[in-house]
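Heads up, structure_23.cif below (mmCIF, C-alpha atoms):
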```cif
data_upload
loop_
_atom_site.label_atom_id
_atom_site.label_comp_id
_atom_site.auth_asym_id
_atom_site.auth_seq_id
_atom_site.Cartn_x
_atom_site.Cartn_y
_atom_site.Cartn_z
CA MET A 1 -9.76 9.15 50.01
CA ALA A 2 -11.41 12.57 49.81
CA ASP A 3 -11.56 12.31 46.01
CA GLU A 4 -13.26 8.90 46.23
CA THR A 5 -15.81 10.26 48.70
CA THR A 6 -16.57 13.20 46.43
CA ALA A 7 -17.00 10.86 43.47
CA LEU A 8 -19.44 8.72 45.47
CA TRP A 9 -21.45 11.81 46.41
CA MET A 10 -21.57 12.84 42.77
CA GLN A 11 -22.85 9.44 41.71
CA ALA A 12 -25.46 9.48 44.48
CA PHE A 13 -26.62 12.95 43.42
CA SER A 14 -26.83 11.83 39.79
CA TRP A 15 -28.90 8.72 40.50
CA LEU A 16 -31.18 10.53 42.96
CA GLY A 17 -31.65 13.28 40.39
CA LEU A 18 -32.62 10.68 37.82
CA GLY A 19 -35.16 9.32 40.28
CA TYR A 20 -36.72 12.78 40.48
CA VAL A 21 -36.82 13.03 36.68
CA ILE A 22 -38.51 9.62 36.43
CA TYR A 23 -41.02 10.67 39.10
CA ARG A 24 -41.93 13.79 37.11
CA ALA A 25 -42.21 11.74 33.91
CA LEU A 26 -44.52 9.13 35.44
CA PHE A 27 -46.61 10.88 38.07
CA VAL A 28 -46.76 14.62 37.26
CA ASP A 29 -49.20 16.03 34.71
CA ASN A 30 -46.90 17.69 32.18
CA GLY A 31 -49.52 18.68 29.62
CA PRO A 32 -49.34 21.86 27.52
CA THR A 33 -50.37 25.25 28.85
CA PHE A 34 -52.55 27.85 27.16
CA GLU A 35 -52.44 31.63 26.90
CA ASP A 36 -55.35 32.11 29.28
CA ASP A 37 -54.15 29.65 31.94
CA PRO A 38 -54.40 31.33 35.37
CA SER A 39 -50.99 30.03 36.48
CA PRO A 40 -48.39 30.75 33.79
CA ALA A 41 -45.73 28.07 33.37
CA ARG A 42 -42.90 30.61 33.21
CA ASN A 43 -41.86 32.35 36.38
CA HIS A 44 -38.54 33.95 37.29
CA LEU A 45 -38.08 32.21 40.66
CA LEU A 46 -39.12 28.86 39.21
CA ARG A 47 -36.65 29.32 36.34
CA LEU A 48 -33.76 29.85 38.75
CA THR A 49 -34.80 26.96 41.01
CA THR A 50 -35.12 24.54 38.10
CA ALA A 51 -31.79 25.61 36.62
CA ALA A 52 -30.12 25.22 40.04
CA PHE A 53 -31.01 21.53 39.94
CA TYR A 54 -30.80 20.55 36.28
CA VAL A 55 -27.51 22.28 35.40
CA PRO A 56 -25.45 20.45 38.09
CA PHE A 57 -27.40 17.26 37.39
CA VAL A 58 -26.54 17.32 33.68
CA ILE A 59 -22.89 18.23 34.32
CA VAL A 60 -22.30 15.53 36.93
CA SER A 61 -24.21 12.86 35.00
CA ALA A 62 -22.59 13.51 31.63
CA VAL A 63 -19.07 13.57 33.05
CA TYR A 64 -19.14 10.96 35.81
CA VAL A 65 -22.26 8.76 35.37
CA PRO A 66 -22.84 8.29 31.61
CA ASN A 67 -25.59 5.72 32.14
CA VAL A 68 -27.68 8.35 33.91
CA ILE A 69 -27.33 10.97 31.19
CA HIS A 70 -28.33 8.45 28.53
CA ILE A 71 -31.41 7.38 30.50
CA PHE A 72 -32.22 11.07 30.96
CA MET A 73 -31.99 11.71 27.21
CA THR A 74 -34.19 8.66 26.55
CA ILE A 75 -36.86 10.09 28.85
CA MET A 76 -36.56 13.50 27.19
CA VAL A 77 -37.16 12.04 23.73
CA THR A 78 -40.05 9.82 24.83
CA LYS A 79 -41.85 12.55 26.76
CA GLY A 80 -40.95 15.15 24.10
CA LEU A 81 -42.77 13.10 21.47
CA GLY A 82 -45.76 13.00 23.81
CA GLU A 83 -45.69 16.80 24.03
CA PHE A 84 -45.49 17.06 20.25
CA ILE A 85 -48.53 14.81 19.82
CA GLU A 86 -50.51 16.72 22.42
CA CYS A 87 -49.66 20.07 20.81
CA LEU A 88 -50.95 19.12 17.38
CA ILE A 89 -53.94 16.85 17.96
CA PRO A 90 -57.00 18.08 16.00
CA ALA A 91 -58.82 19.21 19.16
CA ARG A 92 -55.98 21.61 19.95
CA ALA A 93 -55.80 23.19 16.51
CA SER A 94 -59.55 23.61 16.12
CA LYS A 95 -60.15 25.64 19.32
CA GLU A 96 -63.37 23.68 19.74
CA GLU A 97 -65.08 23.17 23.07
CA GLY A 98 -63.14 20.66 25.12
CA ALA A 99 -59.84 21.34 23.39
CA LYS A 100 -58.10 21.62 26.75
CA LYS A 101 -59.31 18.28 28.06
CA LYS A 102 -56.65 15.73 28.91
CA TYR A 103 -55.64 13.82 25.82
CA LYS A 104 -55.81 10.02 25.83
CA PHE A 105 -52.88 8.59 23.89
CA SER A 106 -53.60 5.95 21.25
CA ARG A 107 -51.56 2.82 20.52
CA MET A 108 -50.04 4.61 17.54
CA ASP A 109 -48.96 7.48 19.80
CA ARG A 110 -47.34 5.11 22.27
CA LEU A 111 -45.58 3.19 19.50
CA VAL A 112 -43.98 6.39 18.18
CA GLN A 113 -42.87 7.31 21.70
CA LEU A 114 -41.42 3.83 22.26
CA LEU A 115 -39.51 3.97 18.97
CA GLY A 116 -38.14 7.38 19.96
CA GLY A 117 -36.72 5.98 23.18
CA LEU A 118 -35.33 2.98 21.28
CA GLN A 119 -33.46 5.35 18.96
CA VAL A 120 -31.55 6.90 21.88
CA VAL A 121 -30.73 3.46 23.29
CA LEU A 122 -29.38 2.29 19.93
CA CYS A 123 -27.20 5.40 19.63
CA HIS A 124 -25.88 4.82 23.14
CA PHE A 125 -24.74 1.29 22.32
CA LEU A 126 -24.03 1.54 18.57
CA SER A 127 -23.17 5.24 18.11
CA GLU A 128 -23.22 6.12 14.37
CA LEU A 129 -24.70 2.76 13.37
CA GLY A 130 -27.54 3.41 15.80
CA LEU A 131 -28.46 6.63 13.98
CA SER A 132 -29.12 4.89 10.67
CA LEU A 133 -30.43 1.61 12.10
CA GLY A 134 -32.91 3.35 14.39
CA LEU A 135 -34.15 5.55 11.54
CA ALA A 136 -34.68 2.54 9.28
CA LEU A 137 -36.48 0.54 11.96
CA ALA A 138 -38.74 3.43 12.95
CA PHE A 139 -39.63 4.24 9.35
CA VAL A 140 -40.59 0.64 8.53
CA ILE A 141 -42.41 -0.08 11.80
CA ILE A 142 -44.43 3.16 11.72
CA LEU A 143 -45.40 2.54 8.08
CA CYS A 144 -46.40 -1.08 8.72
CA PHE A 145 -48.34 -0.33 11.89
CA PHE A 146 -50.12 2.60 10.26
CA LEU A 147 -51.03 0.45 7.24
CA PHE A 148 -52.30 -2.33 9.52
CA LYS A 149 -54.35 0.18 11.53
CA THR A 150 -55.83 1.69 8.34
CA VAL A 151 -56.80 -1.73 6.95
CA GLN A 152 -58.24 -2.79 10.29
CA GLU A 153 -60.47 0.30 10.49
CA GLY A 154 -61.89 -0.59 7.07
CA HIS A 155 -62.79 2.91 5.84
CA ASN A 156 -63.83 2.97 2.18
CA PRO A 157 -63.06 5.43 0.75
CA LEU A 158 -60.15 6.35 3.00
CA PRO A 159 -60.43 9.62 4.96
CA PRO A 160 -58.64 12.48 3.16
CA ASN A 161 -56.32 13.09 6.13
CA THR A 162 -54.90 9.54 6.18
CA VAL A 163 -51.53 10.38 4.61
CA ARG A 164 -51.39 13.63 6.58
CA ASN A 165 -51.64 11.67 9.84
CA LEU A 166 -48.83 9.37 8.72
CA ALA A 167 -46.66 12.37 7.83
CA PHE A 168 -47.45 13.86 11.25
CA TYR A 169 -45.98 10.86 13.07
CA LEU A 170 -42.97 10.51 10.78
CA PHE A 171 -42.11 14.20 11.04
CA GLY A 172 -42.43 14.21 14.82
CA TRP A 173 -40.19 11.16 15.16
CA VAL A 174 -37.45 12.54 12.88
CA TRP A 175 -37.67 16.10 14.23
CA ILE A 176 -37.40 15.02 17.87
CA ALA A 177 -36.05 11.47 18.24
CA TRP A 178 -33.57 11.30 15.38
CA THR A 179 -32.10 14.75 15.96
CA ILE A 180 -31.79 14.50 19.76
CA SER A 181 -30.31 10.99 19.48
CA HIS A 182 -27.23 12.71 18.07
CA CYS A 183 -26.48 13.77 21.66
CA PRO A 184 -25.54 10.25 22.83
CA ALA A 185 -23.79 9.79 19.48
CA ILE A 186 -21.78 12.96 20.19
CA TYR A 187 -20.84 11.40 23.52
CA HIS A 188 -18.97 8.68 21.65
CA THR A 189 -17.25 10.87 19.07
CA SER A 190 -14.16 11.40 21.22
CA PRO A 191 -12.72 10.66 24.67
CA TYR A 192 -13.99 14.12 25.65
CA GLY A 193 -17.60 13.25 24.79
CA GLY A 194 -19.03 13.98 28.23
CA SER A 195 -17.58 17.46 28.50
CA ILE A 196 -18.50 18.24 24.87
CA LEU A 197 -22.11 17.27 25.54
CA VAL A 198 -22.21 19.42 28.68
CA MET A 199 -20.69 22.36 26.82
CA LEU A 200 -23.24 22.14 24.01
CA LEU A 201 -26.25 21.76 26.30
CA LEU A 202 -25.18 24.68 28.49
CA THR A 203 -24.45 26.82 25.44
CA GLY A 204 -27.92 26.15 24.03
CA TRP A 205 -29.70 26.72 27.33
CA ILE A 206 -27.80 29.81 28.46
CA GLY A 207 -28.01 31.33 24.98
CA ASP A 208 -31.75 30.75 24.97
CA GLY A 209 -32.02 32.29 28.44
CA ALA A 210 -30.07 35.34 27.27
CA ALA A 211 -32.41 35.70 24.28
CA TYR A 212 -35.43 35.46 26.60
CA TYR A 213 -34.31 38.10 29.09
CA VAL A 214 -32.75 40.50 26.60
CA GLY A 215 -35.73 40.21 24.26
CA LYS A 216 -38.19 40.66 27.10
CA ASN A 217 -36.48 43.78 28.47
CA PHE A 218 -34.85 45.38 25.44
CA GLY A 219 -36.51 43.81 22.40
CA ARG A 220 -37.88 46.49 20.09
CA HIS A 221 -37.66 44.92 16.63
CA LYS A 222 -39.79 41.81 16.10
CA ALA A 223 -38.04 39.08 14.12
CA MET A 224 -41.00 36.83 13.24
CA PRO A 225 -44.23 38.20 14.73
CA ASN A 226 -46.52 35.74 12.94
CA VAL A 227 -44.55 32.72 14.22
CA SER A 228 -43.06 33.80 17.55
CA PRO A 229 -44.50 37.16 18.65
CA ASN A 230 -41.99 37.58 21.49
CA LYS A 231 -38.89 36.82 19.41
CA SER A 232 -36.89 39.97 18.69
CA TRP A 233 -33.70 40.71 16.78
CA GLU A 234 -32.16 42.01 19.98
CA GLY A 235 -32.81 38.64 21.63
CA ILE A 236 -31.41 36.73 18.66
CA ILE A 237 -28.20 38.79 18.68
CA ALA A 238 -27.89 38.29 22.46
CA GLU A 239 -28.25 34.52 22.05
CA ILE A 240 -25.44 34.35 19.50
CA VAL A 241 -23.15 36.69 21.45
CA PHE A 242 -23.66 34.87 24.76
CA ALA A 243 -23.09 31.49 23.09
CA VAL A 244 -19.80 32.65 21.56
CA LEU A 245 -18.62 34.26 24.81
CA LEU A 246 -19.54 31.16 26.79
CA CYS A 247 -17.67 28.79 24.48
CA TYR A 248 -14.70 31.15 24.43
CA GLY A 249 -14.79 31.01 28.23
CA PHE A 250 -14.79 27.20 28.04
CA LYS A 251 -11.69 27.39 25.85
CA GLN A 252 -9.94 29.59 28.41
CA MET A 253 -10.86 27.10 31.13
CA GLN A 254 -9.34 24.33 29.03
CA LEU A 255 -6.13 26.31 28.51
CA SER A 256 -5.84 27.09 32.22
CA GLY A 257 -6.30 23.41 33.13
CA VAL A 258 -9.20 24.22 35.43
CA THR A 259 -11.02 21.00 34.56
CA ASP A 260 -7.97 18.76 34.89
CA LYS A 261 -8.25 18.44 38.66
CA HIS A 262 -11.92 17.41 38.39
CA ALA A 263 -10.91 14.52 36.14
CA LEU A 264 -9.14 13.01 39.14
CA LEU A 265 -12.54 12.41 40.75
CA ALA A 266 -13.37 9.80 38.11
CA THR A 267 -13.92 6.38 39.61
CA LYS A 268 -12.71 4.72 36.40
CA PRO A 269 -9.71 6.81 35.34
CA ILE A 270 -9.10 5.14 31.98
CA ALA A 271 -12.71 5.54 30.83
CA LEU A 272 -13.66 8.85 32.43
CA THR A 273 -10.59 11.00 32.97
CA SER A 274 -10.69 12.48 29.46
CA SER A 275 -14.46 12.87 29.62
CA ALA A 276 -14.05 15.11 32.66
CA ARG A 277 -11.76 17.47 30.75
CA LEU A 278 -12.66 20.02 28.10
CA PRO A 279 -11.36 19.01 24.65
CA PRO A 280 -8.04 20.52 23.46
CA TYR A 281 -9.61 21.89 20.27
CA ASP A 282 -8.43 25.12 18.67
CA THR A 283 -10.33 28.27 19.63
CA ILE A 284 -11.91 28.40 16.17
CA HIS A 285 -13.63 25.07 16.84
CA TYR A 286 -15.07 26.33 20.12
CA ILE A 287 -16.41 29.38 18.27
CA GLY A 288 -17.71 27.15 15.46
CA LEU A 289 -19.62 24.97 17.92
CA ALA A 290 -21.07 28.09 19.55
CA LEU A 291 -22.28 29.45 16.20
CA LEU A 292 -23.77 26.10 15.15
CA THR A 293 -25.57 25.70 18.46
CA SER A 294 -26.94 29.25 18.58
CA CYS A 295 -27.66 30.04 14.91
CA LEU A 296 -29.23 26.68 14.08
CA GLY A 297 -30.86 26.64 17.50
CA ILE A 298 -32.73 29.80 16.52
CA PHE A 299 -34.31 27.91 13.61
CA GLY A 300 -35.18 25.03 15.94
CA ASP A 301 -36.85 27.46 18.31
CA ALA A 302 -38.76 29.04 15.42
CA ILE A 303 -40.08 25.66 14.24
CA GLU A 304 -41.19 24.78 17.76
CA SER A 305 -42.90 28.17 18.07
CA LEU A 306 -44.68 27.52 14.77
CA ILE A 307 -45.94 24.16 16.02
CA LYS A 308 -47.21 25.72 19.25
CA ARG A 309 -48.96 28.46 17.29
CA MET A 310 -50.64 25.84 15.11
CA GLY A 311 -51.88 24.10 18.24
CA ASN A 312 -52.82 27.31 20.09
CA ILE A 313 -50.36 26.38 22.85
CA LYS A 314 -48.38 28.69 25.14
CA ASP A 315 -45.81 26.14 26.41
CA SER A 316 -45.44 22.56 25.21
CA GLY A 317 -45.57 21.41 28.84
CA VAL A 318 -44.38 22.08 32.38
CA PHE A 319 -41.77 19.35 32.75
CA PHE A 320 -39.19 22.03 33.60
CA PRO A 321 -41.00 24.37 36.03
CA GLY A 322 -40.52 27.97 35.02
CA HIS A 323 -39.05 27.04 31.64
CA GLY A 324 -41.87 25.11 29.97
CA GLY A 325 -41.83 21.67 28.44
CA ILE A 326 -39.20 19.41 26.97
CA LEU A 327 -39.74 20.84 23.49
CA ASP A 328 -39.22 24.33 24.93
CA ARG A 329 -35.88 23.34 26.47
CA PHE A 330 -34.43 21.13 23.74
CA ASP A 331 -35.76 22.86 20.62
CA ALA A 332 -32.29 24.28 19.86
CA PHE A 333 -30.98 20.76 19.25
CA PHE A 334 -33.83 19.70 16.94
CA VAL A 335 -31.93 21.36 14.11
CA SER A 336 -28.38 21.80 15.37
CA GLY A 337 -27.82 18.27 16.75
CA PRO A 338 -27.01 16.51 13.46
CA PHE A 339 -24.88 19.41 12.21
CA ILE A 340 -22.84 19.53 15.43
CA TYR A 341 -22.28 15.77 15.25
CA HIS A 342 -20.99 15.90 11.68
CA TYR A 343 -18.91 19.00 12.43
CA LEU A 344 -17.17 17.07 15.20
CA ILE A 345 -16.66 14.03 12.98
CA HIS A 346 -15.77 15.54 9.63
CA VAL A 347 -14.26 18.94 10.48
CA VAL A 348 -12.74 18.66 13.95
CA GLY A 349 -11.95 14.96 13.66
CA ALA A 350 -10.52 15.26 10.15
CA GLY A 351 -8.49 18.35 11.07
CA HIS A 352 -9.81 20.52 8.24
CA LEU A 353 -9.52 23.69 10.36
#
```
Would you mind giving the structure from this file in structure tokens?
Amino acid sequence: MADETTALWMQAFSWLGLGYVIYRALFVDNGPTFEDDPSPARNHLLRLTTAAFYVPFVIVSAVYVPNVIHIFMTIMVTKGLGEFIECLIPARASKEEGAKKKYKFSRMDRLVQLLGGLQVVLCHFLSELGLSLGLALAFVIILCFFLFKTVQEGHNPLPPNTVRNLAFYLFGWVWIAWTISHCPAIYHTSPYGGSILVMLLLTGWIGDGAAYYVGKNFGRHKAMPNVSPNKSWEGIIAEIVFAVLLCYGFKQMQLSGVTDKHALLATKPIALTSSARLPPYDTIHYIGLALLTSCLGIFGDAIESLIKRMGNIKDSGVFFPGHGGILDRFDAFFVSGPFIYHYLIHVVGAGHL
């Protein structure tokens, strides 16, 4: 009886948390911040407060309420594409007067956002098929809509930036929607999908946090000053080390059976019991996942930093108070997501190690 009550509380927390996320997505201004903004988006107390909510929310949702975590990822992709568009609109990059005015999204912008959300939904229901089907649909629809829009505008000759604008939308969709949609696909790679997803998200976030604090306090050697001025080699090393130690800790938890008792809280034992347990992979696979998440995540962070520099942006948004925007929080998975998915399928699943 106590276990059932706890499970009900967990589900209630998950759905209420999703309600808060939807509220922030619909009614809170989450636009980008600039270097000279009087109220910086990053603040130590805000970082801790935000983490205190989102970490339990992600863990509980991924393990016990899969519908919530998939809706959450859909929102992240949709709003993340909005942040990407706002970061790189011409007014941002030009530093002209009025560059900080609120951006009004066009029909093309909204279409790309909608197709990004659709990609996550397809991966939720179709897994691997959704990855390829969503990519094909988005590619064709964006091309057709862009061609229709270009013909309708009737410019002759065409503006020189026409193809560049098309490439902008296609890159943003692939970089954000297609890569992040591997997260719901990862969920379906094994019976332990929920715990794997939690492990990867926490590894990326905690590793990034370690890089931030170590780099801020002990960083002396700049890694890429022209792309990310605050990124140091000390921070990069800290991110990798913390990721490896964290995943090794997860492996020790799995060996000790610490997560087994939490699986008993599942309201649907056949479907969720395994998802509430850490996977019985060899230690080398835990280390491999840590290295993929951290090392490739560093490249994802660098690309996001490059995009913000091009748009003269400090943070891509304020969706996560104290941490920045969605691009700031999920940039590690914009490169590592597909590699982690295929590692789980073709290396772990095939037993090559």
Exercise: region 163-177 of chain A partners within 6 Å, only C-alpha atoms, chain neighbours under 2 positions left out, as a PyMOL selection string: chain A and resi 77+116+161+179-181+334
Result set of the PyMOL selection byres ((chain A and resi 43-56) around 7) on the coordinates above, as a PyMOL selection string: chain A and resi 41-42+57-60+320-323
Contacts of region 299-306 of chain A at 12 Å or less, counting only C-alpha atoms, minus same-chain residues fewer than 5 places along, as a PyMOL selection string? chain A and resi 80+83-84+87-88+172+175-176+179-180+204-205+207-208+211-212+223-232+236+239+292-294+311-316+325-337
Shell around Ala25 (chain A) at 10 Å using all atoms listed in the file, local window under 2 positions removed, as a list in words: Gly19, Tyr20, Val21, Ile22, Tyr23, Phe27, Val28, Asp29, Asn30, Ile75, Met76, Thr78, Lys79 and Phe319 of chain A
Could you tell me, as a count of residues only, exactly which residues end up selected when the PyMOL selection byres ((chain A and resi 283) around 9) is applied to this structure? 12
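The space between CA of Ile206 (chain A) and CA of Glu234 (chain A) spans 15.5 Å.
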By how many Å are CA of Trp15 (chain A) and CA of Thr74 (chain A) apart? 14.9 Å
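With distances taken over all atoms listed in the file, A:Cys123 is the one residue among A:Leu289, A:Val318, A:Ala243, A:Cys123 lying closest to Ile186 (chain A).
Among A:Val140, A:Val63, A:Val241, A:Met108, the residue with the shortest atom-to-atom distance to Met199 (chain A), counting all atoms listed in the file, is A:Val63.
One finds CA of Glu86 (chain A) at 24.2 Å from CA of Cys183 (chain A).
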Going by the chain IDs and residue numbers used in this file, which residues fall under the PyMOL selection byres ((chain A and resi 71) around 10)? Write them as a PDB file with C-alpha atoms, in the coordinates of the input.
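What landed in out_1.pdb:
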```
ATOM      1  CA  LEU A  18     -32.620  10.680  37.820  1.00  0.00           C
ATOM      2  CA  VAL A  21     -36.820  13.030  36.680  1.00  0.00           C
ATOM      3  CA  ILE A  22     -38.510   9.620  36.430  1.00  0.00           C
ATOM      4  CA  PRO A  66     -22.840   8.290  31.610  1.00  0.00           C
ATOM      5  CA  ASN A  67     -25.590   5.720  32.140  1.00  0.00           C
ATOM      6  CA  VAL A  68     -27.680   8.350  33.910  1.00  0.00           C
ATOM      7  CA  ILE A  69     -27.330  10.970  31.190  1.00  0.00           C
ATOM      8  CA  HIS A  70     -28.330   8.450  28.530  1.00  0.00           C
ATOM      9  CA  PHE A  72     -32.220  11.070  30.960  1.00  0.00           C
ATOM     10  CA  MET A  73     -31.990  11.710  27.210  1.00  0.00           C
ATOM     11  CA  THR A  74     -34.190   8.660  26.550  1.00  0.00           C
ATOM     12  CA  ILE A  75     -36.860  10.090  28.850  1.00  0.00           C
ATOM     13  CA  MET A  76     -36.560  13.500  27.190  1.00  0.00           C
ATOM     14  CA  GLY A 117     -36.720   5.980  23.180  1.00  0.00           C
ATOM     15  CA  VAL A 120     -31.550   6.900  21.880  1.00  0.00           C
ATOM     16  CA  VAL A 121     -30.730   3.460  23.290  1.00  0.00           C
ATOM     17  CA  HIS A 124     -25.880   4.820  23.140  1.00  0.00           C
TER      18      HIS A 124
END
```
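Take the candidates A:Ile307, A:Leu129, A:Ile85, A:Val65 and check each one against Lys104 (chain A) using only C-alpha atoms; the shortest distance goes to A:Ile85.
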Can you list every residue of region 56-152 of chain A that has an atom at most 12 Å from region 341-348 of chain A, with its nearest atom pair and the distance in Å to one decimal, using all atoms listed in the file, ordered by chain then number, as a tab-separated table?
```
residue	atom	partner	partner_atom	distance
A:Ser127	CA	A:Tyr341	CA	10.9
A:Glu128	CA	A:Tyr341	CA	9.7
A:Leu131	CA	A:Tyr341	CA	11.1
```
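Candidate residues A:Leu137, A:Leu291, A:Leu202, A:Ala210 were compared for distance to Phe250 (chain A), and the nearest is A:Leu202, using only C-alpha atoms.
Excluding Leu111 (chain A) and any residue on its chain fewer than 6 positions from it, the residues at most 9 Å away by all atoms listed in the file are Ile141, Ile142 and Phe145 of chain A.
Nearest residue to Gly17 (chain A) among A:Glu4, A:Ser61, A:Trp233, A:Phe148 is A:Ser61, counting all atoms listed in the file.
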Please output region 187-194 of chain A, rebuilt to include all heavy atoms, as a compact mmCIF listing (two decimals), keeping the file's coordinate frame.
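Just written: result.txt:
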```
# COMPACT_ATOMS: atom_id res chain seq x y z
N TYR A 187 -21.56 11.88 22.34
CA TYR A 187 -20.84 11.40 23.52
C TYR A 187 -19.72 10.44 23.14
O TYR A 187 -18.68 10.37 23.80
CB TYR A 187 -21.82 10.72 24.48
CG TYR A 187 -21.27 10.48 25.86
CD1 TYR A 187 -21.52 11.39 26.88
CD2 TYR A 187 -20.51 9.35 26.15
CE1 TYR A 187 -21.02 11.18 28.15
CE2 TYR A 187 -20.00 9.14 27.42
CZ TYR A 187 -20.26 10.06 28.41
OH TYR A 187 -19.75 9.86 29.68
N HIS A 188 -19.94 9.70 22.05
CA HIS A 188 -18.97 8.68 21.65
C HIS A 188 -18.03 9.14 20.54
O HIS A 188 -17.24 8.34 20.03
CB HIS A 188 -19.70 7.41 21.20
CG HIS A 188 -20.53 6.78 22.27
ND1 HIS A 188 -19.99 6.14 23.36
CD2 HIS A 188 -21.89 6.70 22.42
CE1 HIS A 188 -20.97 5.70 24.15
NE2 HIS A 188 -22.13 6.02 23.60
N THR A 189 -18.11 10.42 20.16
CA THR A 189 -17.25 10.87 19.07
C THR A 189 -15.79 11.02 19.48
O THR A 189 -14.91 10.99 18.64
CB THR A 189 -17.73 12.23 18.51
OG1 THR A 189 -17.77 13.19 19.59
CG2 THR A 189 -19.10 12.10 17.88
N SER A 190 -15.54 11.22 20.77
CA SER A 190 -14.16 11.40 21.22
C SER A 190 -14.08 11.04 22.69
O SER A 190 -15.11 10.89 23.37
CB SER A 190 -13.71 12.85 21.02
OG SER A 190 -14.18 13.67 22.07
N PRO A 191 -12.87 10.92 23.23
CA PRO A 191 -12.72 10.66 24.67
C PRO A 191 -13.26 11.79 25.53
O PRO A 191 -13.45 11.62 26.73
CB PRO A 191 -11.20 10.51 24.85
CG PRO A 191 -10.67 10.20 23.49
CD PRO A 191 -11.57 10.91 22.54
N TYR A 192 -13.49 12.95 24.92
CA TYR A 192 -13.99 14.12 25.65
C TYR A 192 -15.50 14.27 25.49
O TYR A 192 -16.04 15.36 25.69
CB TYR A 192 -13.29 15.38 25.14
CG TYR A 192 -11.78 15.31 25.22
CD1 TYR A 192 -11.03 14.88 24.13
CD2 TYR A 192 -11.10 15.66 26.39
CE1 TYR A 192 -9.65 14.80 24.20
CE2 TYR A 192 -9.73 15.58 26.46
CZ TYR A 192 -9.00 15.16 25.37
OH TYR A 192 -7.64 15.08 25.44
N GLY A 193 -16.18 13.17 25.12
CA GLY A 193 -17.60 13.25 24.79
C GLY A 193 -18.47 13.83 25.88
O GLY A 193 -19.39 14.62 25.61
N GLY A 194 -18.21 13.47 27.14
CA GLY A 194 -19.03 13.98 28.23
C GLY A 194 -18.95 15.48 28.37
O GLY A 194 -19.97 16.16 28.49
```
